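Just structure_16.tsv here, TSV, C-alpha atoms:
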```
chain	number	residue	atom	x	y	z
A	22	MET	CA	-24.01	16.24	-4.12
A	23	CYS	CA	-23.71	13.84	-7.04
A	24	SER	CA	-19.92	13.78	-6.81
A	25	LYS	CA	-20.06	12.80	-3.11
A	26	GLY	CA	-22.22	9.81	-3.95
A	27	PHE	CA	-19.93	8.84	-6.81
A	28	LEU	CA	-16.80	9.04	-4.65
A	29	GLY	CA	-18.54	7.13	-1.87
A	30	GLY	CA	-19.45	4.41	-4.34
A	31	ILE	CA	-15.87	4.17	-5.58
A	32	VAL	CA	-14.51	3.89	-2.03
A	33	THR	CA	-17.13	1.31	-1.07
A	34	GLY	CA	-16.42	-0.72	-4.20
A	35	ALA	CA	-12.69	-0.64	-3.55
A	36	LEU	CA	-13.13	-1.80	0.04
A	37	LEU	CA	-15.51	-4.60	-0.93
A	38	GLY	CA	-13.23	-5.67	-3.77
A	39	ALA	CA	-10.23	-5.81	-1.45
A	40	ALA	CA	-12.17	-7.85	1.12
A	41	VAL	CA	-13.38	-10.34	-1.49
A	42	GLY	CA	-9.87	-10.60	-2.92
A	43	MET	CA	-8.41	-11.34	0.49
A	44	LEU	CA	-11.02	-14.03	1.15
A	45	ALA	CA	-10.49	-15.62	-2.27
A	46	ASP	CA	-6.67	-15.62	-2.08
A	47	PRO	CA	-5.35	-15.22	1.47
A	48	ILE	CA	-1.67	-14.34	1.87
A	49	SER	CA	0.45	-17.03	3.49
A	50	ASP	CA	2.80	-16.20	6.36
A	51	LYS	CA	5.82	-16.66	4.11
A	52	GLN	CA	4.45	-14.19	1.52
A	53	HIS	CA	3.52	-11.74	4.29
A	54	ARG	CA	7.08	-11.77	5.70
A	55	LYS	CA	8.54	-11.33	2.20
A	56	ILE	CA	6.29	-8.33	1.46
A	57	LYS	CA	7.10	-6.79	4.85
A	58	SER	CA	10.85	-7.24	4.32
A	59	SER	CA	10.83	-5.74	0.82
A	60	ALA	CA	8.72	-2.79	1.98
A	61	SER	CA	11.13	-2.15	4.86
A	62	HIS	CA	14.10	-2.25	2.48
A	63	MET	CA	12.34	0.13	0.07
A	64	PHE	CA	11.68	2.71	2.80
A	65	LYS	CA	15.30	2.49	4.02
A	66	THR	CA	16.50	3.13	0.46
A	67	ILE	CA	14.16	6.10	0.04
A	68	GLY	CA	15.36	7.51	3.37
A	69	ALA	CA	19.00	7.16	2.31
A	70	VAL	CA	18.30	9.00	-0.95
A	71	ILE	CA	16.50	11.83	0.87
A	72	ASP	CA	19.38	12.09	3.36
A	73	GLY	CA	21.87	12.29	0.49
A	74	VAL	CA	19.89	15.03	-1.24
A	75	MET	CA	19.53	17.03	1.98
A	76	ASP	CA	23.28	16.73	2.73
A	77	SER	CA	24.22	17.97	-0.73
A	78	MET	CA	22.11	21.14	-0.34
```
Would you mind writing the structure in this file as structure tokens?
Amino acid sequence: MCSKGFLGGIVTGALLGAAVGMLADPISDKQHRKIKSSASHMFKTIGAVIDGVMDSM
């Protein structure tokens, strides 16, 4: 029972910290597009690597 409360507290603290951080420093549209583009490129690269590994097997 104690571990459930501890984990719940950690999750709640993380959510509240993220919300306060977003309110204190909101992301501009330009930064949001840049993050989205880099994340898309990263997932394409990971997919290409997985495809290469699967083809070599």
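Interatomic distance, CA of Phe64 in chain A to CA of Ser49 in chain A: 22.7 Å.
The space between CA of Gln52 in chain A and CA of Gly34 in chain A spans 25.5 Å.
CA of His53 in chain A to CA of Val41 in chain A spans 17.9 Å [interatomic distance, one decimal].
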Save range 36-65 of chain A to a file: C-alpha atoms, as a compact mmCIF listing (two decimals), in the first residue's frame.
```
# COMPACT_ATOMS: atom_id res chain seq x y z
CA LEU A 36 2.29 16.27 -13.83
CA LEU A 37 2.14 19.38 -11.66
CA GLY A 38 5.77 20.21 -12.44
CA ALA A 39 5.15 19.87 -16.17
CA ALA A 40 2.06 22.10 -15.98
CA VAL A 41 3.89 24.79 -14.01
CA GLY A 42 6.83 24.61 -16.42
CA MET A 43 4.55 25.06 -19.41
CA LEU A 44 2.85 28.06 -17.81
CA ALA A 45 6.17 29.64 -16.85
CA ASP A 46 7.82 29.12 -20.26
CA PRO A 47 5.32 28.46 -23.05
CA ILE A 48 6.67 27.07 -26.31
CA SER A 49 6.37 29.41 -29.29
CA ASP A 50 4.93 28.18 -32.59
CA LYS A 51 8.37 28.29 -34.21
CA GLN A 52 9.88 26.10 -31.46
CA HIS A 53 6.90 23.72 -31.64
CA ARG A 54 7.36 23.23 -35.41
CA LYS A 55 11.11 22.68 -34.95
CA ILE A 56 10.56 20.03 -32.25
CA LYS A 57 7.90 18.31 -34.36
CA SER A 58 10.17 18.26 -37.42
CA SER A 59 13.17 16.87 -35.54
CA ALA A 60 11.02 14.20 -33.87
CA SER A 61 9.60 13.17 -37.25
CA HIS A 62 13.12 12.92 -38.71
CA MET A 63 14.29 10.87 -35.72
CA PHE A 64 11.47 8.33 -36.11
CA LYS A 65 12.13 8.03 -39.86
```
